[in-house]
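Peer 1: Sharing data-v2.csv here; it has CSV, C-alpha atoms.
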```
chain,number,residue,atom,x,y,z
W,1,MET,CA,58.6,-36.7,2.6
W,2,THR,CA,59.5,-35.4,6.1
W,3,ARG,CA,63.0,-36.6,6.2
W,4,ALA,CA,65.7,-34.0,6.7
W,5,ASN,CA,68.3,-33.5,4.0
W,6,GLY,CA,71.0,-36.1,3.9
W,7,SER,CA,69.3,-38.3,6.5
W,8,PRO,CA,70.5,-41.9,6.2
W,9,ALA,CA,67.1,-43.2,7.0
W,10,GLY,CA,66.4,-44.2,3.4
W,11,GLY,CA,65.5,-47.5,1.9
W,12,PRO,CA,67.6,-50.6,2.3
W,13,ASP,CA,69.1,-50.3,-1.1
W,14,GLY,CA,69.5,-46.6,-1.6
W,15,ALA,CA,73.2,-46.9,-2.3
W,16,ARG,CA,74.0,-45.4,1.1
W,17,ARG,CA,77.1,-46.0,3.1
W,18,PRO,CA,78.7,-43.8,5.7
W,19,ALA,CA,80.5,-41.1,3.9
W,20,GLY,CA,84.1,-41.2,3.0
W,21,ARG,CA,84.4,-44.2,0.7
W,22,ARG,CA,85.3,-43.1,-2.8
W,23,THR,CA,84.9,-45.0,-5.9
W,24,GLY,CA,87.6,-46.5,-8.0
W,25,PRO,CA,87.7,-46.6,-11.8
W,26,GLY,CA,86.6,-50.2,-12.0
W,27,SER,CA,83.4,-49.6,-10.0
W,28,LYS,CA,82.8,-46.5,-12.1
W,29,ALA,CA,82.8,-48.7,-15.2
W,30,VAL,CA,80.4,-51.1,-13.6
W,31,VAL,CA,78.1,-48.3,-12.7
W,32,ALA,CA,78.3,-46.9,-16.2
W,33,VAL,CA,77.5,-50.4,-17.6
W,34,LEU,CA,74.4,-50.7,-15.4
W,35,CYS,CA,73.2,-47.2,-16.3
W,36,ALA,CA,73.7,-48.1,-20.0
W,37,LEU,CA,71.7,-51.2,-19.4
W,38,LEU,CA,68.9,-49.2,-17.8
W,39,GLY,CA,68.9,-46.8,-20.7
W,40,LEU,CA,68.7,-49.7,-23.1
W,41,GLY,CA,65.9,-51.3,-21.2
W,42,LEU,CA,64.0,-48.0,-21.0
W,43,ALA,CA,64.3,-47.4,-24.7
W,44,VAL,CA,63.3,-50.9,-25.7
W,45,GLN,CA,60.4,-51.0,-23.3
W,46,VAL,CA,59.1,-47.6,-24.5
W,47,GLN,CA,59.4,-48.7,-28.1
W,48,ARG,CA,57.6,-52.0,-27.4
W,49,THR,CA,54.8,-50.1,-25.7
W,50,ALA,CA,54.6,-47.6,-28.5
W,51,GLU,CA,54.4,-50.3,-31.1
W,52,GLY,CA,51.0,-51.2,-29.5
W,53,ASP,CA,51.7,-54.9,-29.7
W,54,THR,CA,50.3,-55.3,-26.2
W,55,LEU,CA,49.0,-58.8,-26.9
W,56,ALA,CA,52.5,-60.2,-27.4
W,57,THR,CA,53.6,-58.9,-23.9
W,58,ALA,CA,50.3,-59.5,-22.1
W,59,ARG,CA,50.1,-62.2,-19.4
W,60,PRO,CA,48.4,-65.4,-19.9
W,61,ASP,CA,45.7,-64.4,-17.4
W,62,ASP,CA,44.9,-61.2,-19.3
W,63,LEU,CA,45.0,-63.1,-22.6
W,64,VAL,CA,42.5,-65.6,-21.2
W,65,GLN,CA,40.2,-62.8,-20.0
W,66,LEU,CA,40.5,-61.1,-23.4
W,67,LEU,CA,39.7,-64.4,-25.1
W,68,ASP,CA,36.7,-65.0,-22.8
W,69,GLY,CA,35.4,-61.6,-23.6
W,70,LEU,CA,35.8,-62.1,-27.4
W,71,GLN,CA,34.2,-65.5,-27.2
W,72,ARG,CA,31.2,-64.1,-25.2
W,73,GLN,CA,30.9,-61.3,-27.8
W,74,GLU,CA,31.0,-63.9,-30.6
W,75,ASP,CA,28.3,-65.9,-28.9
W,76,GLU,CA,26.1,-62.9,-28.5
W,77,LEU,CA,26.6,-61.9,-32.2
W,78,ASN,CA,25.9,-65.5,-33.3
W,79,ALA,CA,22.7,-65.4,-31.3
W,80,GLU,CA,21.8,-62.1,-32.9
W,81,VAL,CA,22.5,-63.6,-36.3
W,82,VAL,CA,20.2,-66.5,-35.6
W,83,GLN,CA,17.5,-64.2,-34.4
W,84,LEU,CA,17.8,-61.9,-37.4
W,85,GLN,CA,17.7,-64.9,-39.7
W,86,ASP,CA,14.5,-66.1,-38.0
W,87,THR,CA,13.0,-62.6,-38.5
W,88,LEU,CA,14.0,-62.7,-42.1
W,89,ALA,CA,12.4,-66.1,-42.7
W,90,ARG,CA,9.3,-65.0,-40.9
W,91,LEU,CA,9.0,-61.8,-43.0
W,92,ARG,CA,9.7,-63.8,-46.2
W,93,ARG,CA,6.9,-66.3,-45.2
W,94,SER,CA,4.4,-63.5,-44.4
W,95,GLY,CA,5.5,-61.7,-47.6
W,96,ALA,CA,4.7,-64.8,-49.7
W,97,THR,CA,1.4,-65.2,-47.8
W,98,SER,CA,0.4,-61.7,-48.4
W,99,ALA,CA,1.3,-62.0,-52.0
W,100,GLU,CA,-1.0,-65.0,-52.3
W,101,ALA,CA,-3.7,-63.1,-50.4
W,102,LEU,CA,-3.3,-60.2,-52.8
W,103,ALA,CA,-3.6,-62.5,-55.9
W,104,GLU,CA,-6.7,-64.2,-54.3
W,105,ALA,CA,-8.2,-60.8,-53.6
W,106,GLU,CA,-7.6,-59.8,-57.2
W,107,ARG,CA,-9.2,-63.0,-58.5
W,108,GLN,CA,-12.2,-62.3,-56.3
W,109,ALA,CA,-12.4,-58.7,-57.4
W,110,THR,CA,-12.4,-59.8,-61.0
W,111,ALA,CA,-15.1,-62.4,-60.4
W,112,LEU,CA,-17.2,-59.9,-58.4
W,113,GLY,CA,-16.6,-57.2,-61.0
W,114,ILE,CA,-18.0,-59.5,-63.7
W,115,LEU,CA,-20.9,-60.5,-61.5
W,116,THR,CA,-21.9,-56.9,-60.6
W,117,GLY,CA,-21.1,-55.5,-64.0
W,118,ALA,CA,-18.3,-53.3,-62.9
W,119,VAL,CA,-15.8,-54.6,-65.5
W,120,ALA,CA,-16.2,-55.4,-69.2
W,121,ALA,CA,-16.4,-59.1,-70.0
W,122,GLY,CA,-15.7,-61.2,-73.1
W,123,GLY,CA,-15.9,-64.9,-74.0
W,124,PRO,CA,-18.0,-67.5,-75.8
W,125,GLY,CA,-21.7,-67.0,-75.6
W,126,VAL,CA,-24.9,-66.2,-77.6
W,127,VAL,CA,-26.4,-63.1,-79.2
W,128,VAL,CA,-30.2,-63.3,-78.9
W,129,THR,CA,-32.2,-60.9,-81.0
W,130,VAL,CA,-35.9,-60.6,-80.2
W,131,GLU,CA,-38.0,-59.1,-82.9
W,132,ASP,CA,-41.2,-57.5,-81.7
W,133,PRO,CA,-43.0,-56.0,-84.8
W,134,SER,CA,-46.4,-56.0,-83.0
W,135,GLY,CA,-45.2,-54.6,-79.7
W,136,ARG,CA,-46.6,-57.3,-77.6
W,137,VAL,CA,-43.5,-58.7,-76.0
W,138,SER,CA,-43.8,-58.0,-72.3
W,139,PRO,CA,-41.1,-57.3,-69.7
W,140,GLU,CA,-41.8,-60.7,-68.2
W,141,VAL,CA,-40.7,-62.4,-71.4
W,142,LEU,CA,-37.4,-60.6,-71.4
W,143,LEU,CA,-37.0,-61.4,-67.7
W,144,ASP,CA,-37.7,-65.0,-68.5
W,145,ALA,CA,-35.1,-64.9,-71.2
W,146,VAL,CA,-32.5,-63.6,-68.8
W,147,GLN,CA,-33.5,-66.1,-66.1
W,148,GLU,CA,-33.3,-69.0,-68.5
W,149,LEU,CA,-29.9,-67.9,-69.7
W,150,ARG,CA,-28.8,-67.6,-66.1
W,151,ASN,CA,-30.1,-71.0,-65.2
W,152,ALA,CA,-28.1,-72.4,-68.2
W,153,GLY,CA,-25.0,-71.0,-66.7
W,154,ALA,CA,-24.5,-67.7,-68.3
W,155,GLU,CA,-22.2,-65.5,-66.3
W,156,ALA,CA,-22.7,-62.0,-67.8
W,157,PHE,CA,-25.6,-60.3,-69.6
W,158,GLN,CA,-26.3,-57.2,-71.5
W,159,VAL,CA,-29.8,-56.3,-72.8
W,160,GLY,CA,-29.7,-53.5,-75.3
W,161,PRO,CA,-27.3,-50.9,-73.9
W,162,VAL,CA,-27.8,-52.0,-70.3
W,163,ARG,CA,-25.6,-54.4,-68.3
W,164,ILE,CA,-27.5,-56.8,-66.1
W,165,GLY,CA,-26.5,-56.6,-62.5
W,166,VAL,CA,-27.7,-58.2,-59.3
W,167,ASP,CA,-30.4,-55.6,-58.9
W,168,SER,CA,-31.6,-55.2,-62.5
W,169,ALA,CA,-35.3,-55.0,-63.1
W,170,PHE,CA,-37.5,-55.1,-66.2
W,171,THR,CA,-40.4,-52.7,-65.8
W,172,GLY,CA,-42.9,-51.0,-68.1
W,173,THR,CA,-45.4,-52.7,-70.4
W,174,ALA,CA,-45.4,-54.7,-73.5
W,175,GLY,CA,-43.9,-52.6,-76.3
W,176,ALA,CA,-42.5,-50.1,-73.9
W,177,VAL,CA,-40.1,-52.0,-71.8
W,178,ASP,CA,-37.7,-50.3,-69.3
W,179,LEU,CA,-34.6,-51.9,-68.0
W,180,ASP,CA,-33.3,-50.2,-64.8
W,181,GLY,CA,-35.0,-47.0,-66.0
W,182,THR,CA,-33.6,-47.1,-69.5
W,183,ALA,CA,-36.2,-47.5,-72.3
W,184,LEU,CA,-35.5,-50.5,-74.6
W,185,THR,CA,-36.5,-50.5,-78.2
W,186,ALA,CA,-37.2,-53.5,-80.4
W,187,PRO,CA,-35.5,-55.4,-81.6
W,188,TYR,CA,-34.1,-56.3,-78.2
W,189,THR,CA,-30.6,-57.7,-78.3
W,190,VAL,CA,-29.5,-59.9,-75.4
W,191,LEU,CA,-25.8,-60.7,-75.1
W,192,ALA,CA,-24.9,-63.6,-72.7
W,193,ILE,CA,-21.6,-65.2,-72.0
W,194,GLY,CA,-21.6,-68.9,-71.2
W,195,ASP,CA,-21.5,-72.2,-73.0
W,196,PRO,CA,-23.1,-71.3,-76.4
W,197,PRO,CA,-24.9,-74.7,-77.1
W,198,THR,CA,-26.3,-74.9,-73.6
W,199,LEU,CA,-27.5,-71.3,-73.7
W,200,SER,CA,-29.3,-71.7,-77.1
W,201,ALA,CA,-30.8,-75.0,-76.0
W,202,ALA,CA,-32.1,-73.3,-72.8
W,203,LEU,CA,-34.0,-70.7,-74.9
W,204,ALA,CA,-35.4,-73.3,-77.2
W,205,ILE,CA,-37.1,-75.6,-74.7
W,206,PRO,CA,-40.8,-76.1,-75.3
W,207,GLY,CA,-42.9,-73.5,-73.5
W,208,GLY,CA,-39.8,-71.4,-73.1
W,209,VAL,CA,-38.7,-68.0,-74.3
W,210,VAL,CA,-38.8,-68.8,-78.0
W,211,ASP,CA,-42.4,-70.0,-77.7
W,212,SER,CA,-43.5,-67.1,-75.6
W,213,VAL,CA,-42.1,-64.6,-78.1
W,214,ARG,CA,-43.7,-66.5,-81.0
W,215,ARG,CA,-47.1,-66.4,-79.2
W,216,ALA,CA,-46.6,-62.6,-78.8
W,217,GLY,CA,-46.1,-62.3,-82.6
W,218,GLY,CA,-42.4,-61.9,-82.5
W,219,THR,CA,-39.3,-63.9,-83.5
W,220,VAL,CA,-36.2,-65.0,-81.7
W,221,THR,CA,-32.9,-65.4,-83.4
W,222,VAL,CA,-30.1,-67.1,-81.4
W,223,GLU,CA,-26.6,-66.7,-82.7
W,224,GLN,CA,-23.9,-68.7,-81.1
W,225,SER,CA,-20.5,-67.0,-81.0
W,226,GLN,CA,-17.1,-67.9,-79.7
W,227,GLN,CA,-16.4,-64.2,-78.9
W,228,VAL,CA,-19.1,-62.2,-77.3
W,229,ARG,CA,-18.0,-58.9,-75.9
W,230,ILE,CA,-20.0,-57.2,-73.1
W,231,ASP,CA,-18.7,-53.8,-72.5
W,232,ALA,CA,-21.6,-51.9,-70.9
W,233,LEU,CA,-20.8,-51.2,-67.3
W,234,ARG,CA,-22.9,-50.6,-64.2
W,235,PRO,CA,-21.8,-47.9,-61.8
W,236,PRO,CA,-20.6,-49.5,-58.6
W,237,ARG,CA,-23.0,-49.0,-55.7
W,238,THR,CA,-21.7,-48.3,-52.2
W,239,PRO,CA,-23.8,-50.0,-49.7
W,240,GLN,CA,-25.6,-47.5,-47.5
W,241,TYR,CA,-26.5,-49.7,-44.6
W,242,ALA,CA,-24.9,-53.1,-45.1
W,243,ARG,CA,-21.4,-53.5,-43.6
W,244,PRO,CA,-19.1,-56.5,-43.7
W,245,ALA,CA,-19.8,-58.6,-40.6
W,246,ASP,CA,-17.1,-60.6,-38.9
W,247,GLY,CA,-17.2,-64.3,-39.0
H,1,MET,CA,78.5,-37.4,-14.9
H,2,TYR,CA,79.8,-40.5,-16.6
H,3,ALA,CA,76.6,-42.3,-15.4
H,4,VAL,CA,74.4,-39.8,-17.2
H,5,ILE,CA,76.5,-40.2,-20.3
H,6,ALA,CA,76.2,-44.0,-20.1
H,7,LEU,CA,72.5,-43.7,-19.6
H,8,ALA,CA,72.2,-41.6,-22.8
H,9,ILE,CA,74.4,-44.1,-24.7
H,10,GLY,CA,72.1,-46.9,-23.6
H,11,VAL,CA,69.0,-45.0,-24.7
H,12,VAL,CA,70.5,-44.2,-28.1
H,13,ALA,CA,71.7,-47.8,-28.5
H,14,GLY,CA,68.2,-49.1,-27.7
H,15,LEU,CA,66.7,-46.7,-30.2
H,16,PHE,CA,69.1,-47.5,-33.0
H,17,LEU,CA,69.8,-51.2,-32.5
H,18,GLN,CA,66.2,-52.1,-31.7
H,19,PRO,CA,67.1,-55.4,-30.0
H,20,THR,CA,64.4,-57.9,-29.8
H,21,VAL,CA,63.4,-58.9,-26.3
H,22,PRO,CA,63.1,-62.7,-25.7
H,23,ASP,CA,59.6,-63.8,-25.0
H,24,TRP,CA,60.5,-65.2,-21.5
H,25,MET,CA,61.9,-61.8,-20.6
H,26,ALA,CA,59.0,-59.7,-21.9
H,27,PRO,CA,56.8,-59.6,-18.8
H,28,TYR,CA,59.8,-58.8,-16.5
H,29,LEU,CA,61.3,-56.0,-18.6
H,30,PRO,CA,59.0,-53.2,-17.5
H,31,ILE,CA,59.2,-54.1,-13.8
H,32,ALA,CA,63.0,-54.5,-14.1
H,33,VAL,CA,63.2,-51.0,-15.6
H,34,ILE,CA,61.2,-49.5,-12.8
H,35,ALA,CA,63.3,-51.3,-10.2
H,36,ALA,CA,66.5,-50.1,-11.9
H,37,LEU,CA,65.1,-46.5,-12.0
H,38,ASP,CA,64.5,-46.8,-8.2
H,39,ALA,CA,68.1,-47.8,-7.7
H,40,VAL,CA,69.3,-45.0,-9.9
H,41,PHE,CA,67.3,-42.4,-8.1
H,42,GLY,CA,68.6,-43.7,-4.8
H,43,GLY,CA,72.1,-43.5,-6.2
H,44,VAL,CA,71.6,-39.9,-7.3
H,45,ARG,CA,70.3,-39.0,-3.8
H,46,ALA,CA,73.2,-40.7,-2.1
H,47,ARG,CA,75.6,-38.8,-4.5
H,48,LEU,CA,74.0,-35.5,-3.4
H,49,ASP,CA,74.3,-36.6,0.2
H,50,HIS,CA,78.0,-37.3,-0.5
H,51,ILE,CA,77.6,-40.9,0.7
H,52,PHE,CA,77.6,-42.5,-2.8
H,53,ASP,CA,79.2,-45.9,-2.9
H,54,ALA,CA,79.6,-47.6,-6.2
H,55,LYS,CA,79.5,-51.1,-4.7
H,56,VAL,CA,76.3,-50.4,-2.8
H,57,PHE,CA,74.8,-49.0,-6.0
H,58,VAL,CA,75.8,-52.0,-8.1
H,59,VAL,CA,74.5,-54.4,-5.5
H,60,SER,CA,71.3,-52.5,-5.0
H,61,PHE,CA,70.7,-52.2,-8.7
H,62,VAL,CA,71.1,-55.9,-9.4
H,63,ALA,CA,69.2,-56.9,-6.3
H,64,ASN,CA,66.4,-54.6,-7.1
H,65,VAL,CA,66.0,-55.9,-10.6
H,66,LEU,CA,66.3,-59.5,-9.5
H,67,VAL,CA,63.8,-59.2,-6.7
H,68,ALA,CA,61.3,-57.4,-8.8
H,69,ALA,CA,61.6,-60.0,-11.5
H,70,LEU,CA,61.3,-62.7,-8.9
H,71,ILE,CA,58.2,-61.2,-7.4
H,72,VAL,CA,56.6,-61.0,-10.9
H,73,PHE,CA,57.6,-64.5,-11.6
H,74,LEU,CA,56.2,-65.7,-8.4
H,75,GLY,CA,53.0,-63.8,-9.0
H,76,ASP,CA,52.6,-65.4,-12.4
H,77,GLN,CA,53.1,-68.8,-10.9
H,78,LEU,CA,50.6,-68.1,-8.2
H,79,GLY,CA,48.0,-66.6,-10.6
H,80,VAL,CA,48.2,-63.1,-9.2
H,81,GLY,CA,50.8,-61.8,-11.6
H,82,SER,CA,49.1,-58.6,-12.7
H,83,GLN,CA,48.1,-57.7,-9.1
H,84,LEU,CA,51.6,-58.3,-7.8
H,85,SER,CA,53.1,-56.3,-10.7
H,86,THR,CA,50.9,-53.4,-9.8
H,87,ALA,CA,52.0,-53.7,-6.1
H,88,VAL,CA,55.6,-53.7,-7.1
H,89,VAL,CA,55.1,-50.7,-9.4
H,90,VAL,CA,53.3,-48.8,-6.6
H,91,VAL,CA,55.9,-49.6,-4.0
H,92,LEU,CA,58.8,-48.6,-6.3
H,93,GLY,CA,56.9,-45.6,-7.4
H,94,ILE,CA,56.6,-44.4,-3.8
H,95,ARG,CA,60.3,-44.9,-3.3
H,96,ILE,CA,61.1,-43.1,-6.5
H,97,PHE,CA,58.9,-40.2,-5.3
H,98,GLY,CA,60.7,-40.1,-1.9
H,99,ASN,CA,64.1,-40.1,-3.5
H,100,ALA,CA,63.0,-37.5,-6.0
H,101,ALA,CA,61.8,-35.3,-3.2
H,102,ALA,CA,65.1,-35.6,-1.4
H,103,ILE,CA,67.0,-34.7,-4.6
H,104,ARG,CA,64.7,-31.8,-5.1
H,105,ARG,CA,65.5,-30.4,-1.7
H,106,HIS,CA,69.2,-30.7,-2.5
H,107,VAL,CA,68.9,-29.1,-5.9
H,108,PHE,CA,66.4,-26.4,-5.2
H,109,LYS,CA,66.9,-26.1,-1.4
H,110,ALA,CA,63.2,-26.3,-1.1
```
Could you show the structure in this file as structure tokens?
Peer 2:
Amino acid sequence: MTRANGSPAGGPDGARRPAGRRTGPGSKAVVAVLCALLGLGLAVQVQRTAEGDTLATARPDDLVQLLDGLQRQEDELNAEVVQLQDTLARLRRSGATSAEALAEAERQATALGILTGAVAAGGPGVVVTVEDPSGRVSPEVLLDAVQELRNAGAEAFQVGPVRIGVDSAFTGTAGAVDLDGTALTAPYTVLAIGDPPTLSAALAIPGGVVDSVRRAGGTVTVEQSQQVRIDALRPPRTPQYARPADG
Amino acid sequence: MYAVIALAIGVVAGLFLQPTVPDWMAPYLPIAVIAALDAVFGGVRARLDHIFDAKVFVVSFVANVLVAALIVFLGDQLGVGSQLSTAVVVVLGIRIFGNAAAIRRHVFKA
């Protein structure tokens, strides 16, 4: 402010008049009333502001803007909810899918374990006992027996103490038969799991296992059982060269 | 002096009575208070200049409040209410500062 003290060049309503006019008691009262009104207004407005109820005093324009902002926010949050629900549904679906895949894998593992001899197996089947008093039953005869049983639908085998796997081999000579390097001793016991009547019929066909053993001077006893337990295991073999191929 | 006492009485009354402001008046009250403050500062300055006139003060007080309220009302009708309120506050603030500077020179001689 560059005005000199007492300069009359103030605003148009600065309560200025050329000096000399004094105030009477009536105008004093009016001035007092106005000042009291100002104090009242000040106090009320300060209290209103302090109450923080700004929405009640806000202008319609500001309220509309606030409302717009809130609605935009709500839209964004709704979109986010939809997105998250999608994600949840997708994860649930894939969770169910992977649970099915896991169950399927377990089924396959069980089937493969029975096939390869990695797990014990039980069920209906036959117990075949091959007596060989003269020691003339050859490995081929035992191999025939296993093959006939397999053709008849047997699913798991055990000869003596040895579980039959996909790479089992009968070696040796008649009277001294080896199975996978383990010496078998007569009488040979063959356990097979499958349909019992079918299995025993397969062994009894003319020119089959029973006949071959009889020609070699031995006897075959086939006992059908509703509960044959095969608990000999083959150690799992890790493939050295073969790898799963895609497709 | 009586004006200061009246002001204090008004503040105390506002604090204790807690009158409710009608809704139609709510947007105008802050602007009206600022305008009245401007008039009061002008009055104080005139008093220190020994040219205070109660009639001029009363007229300027009432006119200030009415014009400020009218401007805000017009602004609301024209859709520029908040901007015009800001303009009024700025202008009145400048005037209050000017009057306050003049008062300061009177009181502190500096």
Peer 1: With distances taken over all atoms listed in the file, which of W:Ala118, W:Ala50, W:Thr87, W:Asp62 is nearest to chain H?
Peer 2: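 Using all atoms listed in the file, chain H sits closest to W:Asp62.
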Peer 1: For each of W:Thr116, W:Thr185, W:Gln73, W:Thr129, take the minimum atom-to-atom distance to Arg163 of chain W, counting only C-alpha atoms, then give the residue where this is smallest.
Peer 2: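 That would be W:Thr116, the residue with the smallest distance to Arg163 of chain W.
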Peer 1: Might you pull out every residue within 9 Å of segment 86-98 of chain H, with only C-alpha atoms counted and same-chain residues fewer than 5 positions away left off, and present them as number ranges by chain?
Peer 2: W: 1, 10-11; H: 31, 34-35, 37-39, 41-42, 68, 71-72, 81, 103
Peer 1: List every residue of chain H that has an atom at most 7 Å from any atom of chain W, giving for each one its closest atom pair and the distance in Å to one decimal, counting all atoms listed in the file, sorted by chain and then by ascending residue number, as a tab-separated table.
Peer 2:
```
residue	atom	partner	partner_atom	distance
H:Tyr2	CA	W:Ala32	CA	6.6
H:Ala3	CA	W:Ala32	CA	5.0
H:Ala6	CA	W:Ala36	CA	4.8
H:Leu7	CA	W:Ala36	CA	4.6
H:Ala8	CA	W:Gly39	CA	6.5
H:Ile9	CA	W:Ala36	CA	6.2
H:Gly10	CA	W:Ala36	CA	4.1
H:Val11	CA	W:Gly39	CA	4.4
H:Ala13	CA	W:Leu40	CA	6.5
H:Gly14	CA	W:Leu40	CA	4.7
H:Leu15	CA	W:Ala43	CA	6.0
H:Gln18	CA	W:Val44	CA	6.8
H:Ala26	CA	W:Thr57	CA	5.8
H:Pro27	CA	W:Thr57	CA	6.1
H:Leu29	CA	W:Gln45	CA	6.9
H:Pro30	CA	W:Gln45	CA	6.4
H:Val33	CA	W:Gly41	CA	6.2
H:Ala36	CA	W:Leu38	CA	6.4
H:Ala39	CA	W:Gly14	CA	6.4
H:Gly42	CA	W:Gly14	CA	4.4
H:Gly43	CA	W:Ala15	CA	5.3
H:Ala46	CA	W:Arg16	CA	5.7
H:Asp49	CA	W:Gly6	CA	5.0
H:His50	CA	W:Ala19	CA	6.3
H:Ile51	CA	W:Ala19	CA	4.3
H:Phe52	CA	W:Arg16	CA	6.0
H:Asp53	CA	W:Ala15	CA	6.1
H:Ala54	CA	W:Ser27	CA	5.7
H:Lys55	CA	W:Ser27	CA	6.7
H:Val56	CA	W:Ala15	CA	4.7
H:Phe57	CA	W:Ala15	CA	4.5
H:Val58	CA	W:Val31	CA	6.3
H:Ser60	CA	W:Asp13	CA	5.0
H:Gly98	CA	W:Met1	CA	6.0
H:Ala101	CA	W:Met1	CA	6.8
H:Ala102	CA	W:Asn5	CA	6.6
```
Peer 1: Next, the residues of the selection above should be written as an mmCIF file, keeping the file's coordinate frame with C-alpha atoms.
Peer 2:
```cif
data_model
loop_
_atom_site.group_PDB
_atom_site.id
_atom_site.type_symbol
_atom_site.label_atom_id
_atom_site.label_comp_id
_atom_site.auth_asym_id
_atom_site.auth_seq_id
_atom_site.Cartn_x
_atom_site.Cartn_y
_atom_site.Cartn_z
ATOM 1 C CA TYR H 2 79.800 -40.500 -16.600
ATOM 2 C CA ALA H 3 76.600 -42.300 -15.400
ATOM 3 C CA ALA H 6 76.200 -44.000 -20.100
ATOM 4 C CA LEU H 7 72.500 -43.700 -19.600
ATOM 5 C CA ALA H 8 72.200 -41.600 -22.800
ATOM 6 C CA ILE H 9 74.400 -44.100 -24.700
ATOM 7 C CA GLY H 10 72.100 -46.900 -23.600
ATOM 8 C CA VAL H 11 69.000 -45.000 -24.700
ATOM 9 C CA ALA H 13 71.700 -47.800 -28.500
ATOM 10 C CA GLY H 14 68.200 -49.100 -27.700
ATOM 11 C CA LEU H 15 66.700 -46.700 -30.200
ATOM 12 C CA GLN H 18 66.200 -52.100 -31.700
ATOM 13 C CA ALA H 26 59.000 -59.700 -21.900
ATOM 14 C CA PRO H 27 56.800 -59.600 -18.800
ATOM 15 C CA LEU H 29 61.300 -56.000 -18.600
ATOM 16 C CA PRO H 30 59.000 -53.200 -17.500
ATOM 17 C CA VAL H 33 63.200 -51.000 -15.600
ATOM 18 C CA ALA H 36 66.500 -50.100 -11.900
ATOM 19 C CA ALA H 39 68.100 -47.800 -7.700
ATOM 20 C CA GLY H 42 68.600 -43.700 -4.800
ATOM 21 C CA GLY H 43 72.100 -43.500 -6.200
ATOM 22 C CA ALA H 46 73.200 -40.700 -2.100
ATOM 23 C CA ASP H 49 74.300 -36.600 0.200
ATOM 24 C CA HIS H 50 78.000 -37.300 -0.500
ATOM 25 C CA ILE H 51 77.600 -40.900 0.700
ATOM 26 C CA PHE H 52 77.600 -42.500 -2.800
ATOM 27 C CA ASP H 53 79.200 -45.900 -2.900
ATOM 28 C CA ALA H 54 79.600 -47.600 -6.200
ATOM 29 C CA LYS H 55 79.500 -51.100 -4.700
ATOM 30 C CA VAL H 56 76.300 -50.400 -2.800
ATOM 31 C CA PHE H 57 74.800 -49.000 -6.000
ATOM 32 C CA VAL H 58 75.800 -52.000 -8.100
ATOM 33 C CA SER H 60 71.300 -52.500 -5.000
ATOM 34 C CA GLY H 98 60.700 -40.100 -1.900
ATOM 35 C CA ALA H 101 61.800 -35.300 -3.200
ATOM 36 C CA ALA H 102 65.100 -35.600 -1.400
#
```
Peer 1: Please measure the separation of atom CA of Thr198 of chain W and atom CA of Ala121 of chain W, giving the value in Å to one decimal.
Peer 2: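 Answer for the atom CA of Thr198 of chain W to atom CA of Ala121 of chain W separation: 19.0 Å.
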Peer 1: For Pro139 of chain W, find every residue with an atom within 9 Å (counting only C-alpha atoms), except residues of its own chain fewer than 4 positions away, and show them as a PyMOL selection string.
Peer 2: chain W and resi 143-144+170-179
Peer 1: Take atom CA of Leu142 of chain W and atom CA of Ser168 of chain W and report the distance between them in Å, one decimal.
Peer 2: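 Going from atom CA of Leu142 of chain W over to atom CA of Ser168 of chain W covers 11.9 Å.
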Peer 1: Between atom CA of Thr182 of chain W and atom CA of Ser138 of chain W, what is the distance in Å, rounded to a tenth?
Peer 2: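 Separation of atom CA of Thr182 of chain W and atom CA of Ser138 of chain W: 15.2 Å.
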Peer 1: Can you complete the atoms of segment 88-94 of chain H to N, CA, C and O atoms and list them as a CSV table (one decimal), in the coordinates of the input?
Peer 2:
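In the end it all went to rebuild_22.csv:
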```
chain,number,residue,atom,x,y,z
H,88,VAL,N,54.2,-54.0,-7.0
H,88,VAL,CA,55.6,-53.7,-7.1
H,88,VAL,C,55.8,-52.3,-7.7
H,88,VAL,O,56.6,-51.5,-7.2
H,89,VAL,N,55.0,-52.0,-8.7
H,89,VAL,CA,55.1,-50.7,-9.4
H,89,VAL,C,54.7,-49.6,-8.4
H,89,VAL,O,55.4,-48.6,-8.3
H,90,VAL,N,53.7,-49.9,-7.6
H,90,VAL,CA,53.3,-48.8,-6.6
H,90,VAL,C,54.4,-48.6,-5.6
H,90,VAL,O,54.8,-47.5,-5.3
H,91,VAL,N,54.9,-49.7,-5.0
H,91,VAL,CA,55.9,-49.6,-4.0
H,91,VAL,C,57.2,-48.8,-4.6
H,91,VAL,O,57.7,-47.9,-4.0
H,92,LEU,N,57.6,-49.3,-5.7
H,92,LEU,CA,58.8,-48.6,-6.3
H,92,LEU,C,58.5,-47.2,-6.7
H,92,LEU,O,59.4,-46.3,-6.5
H,93,GLY,N,57.3,-46.9,-7.1
H,93,GLY,CA,56.9,-45.6,-7.4
H,93,GLY,C,57.0,-44.7,-6.2
H,93,GLY,O,57.5,-43.5,-6.3
H,94,ILE,N,56.5,-45.2,-5.1
H,94,ILE,CA,56.6,-44.4,-3.8
H,94,ILE,C,58.0,-44.1,-3.5
H,94,ILE,O,58.4,-43.0,-3.1
```
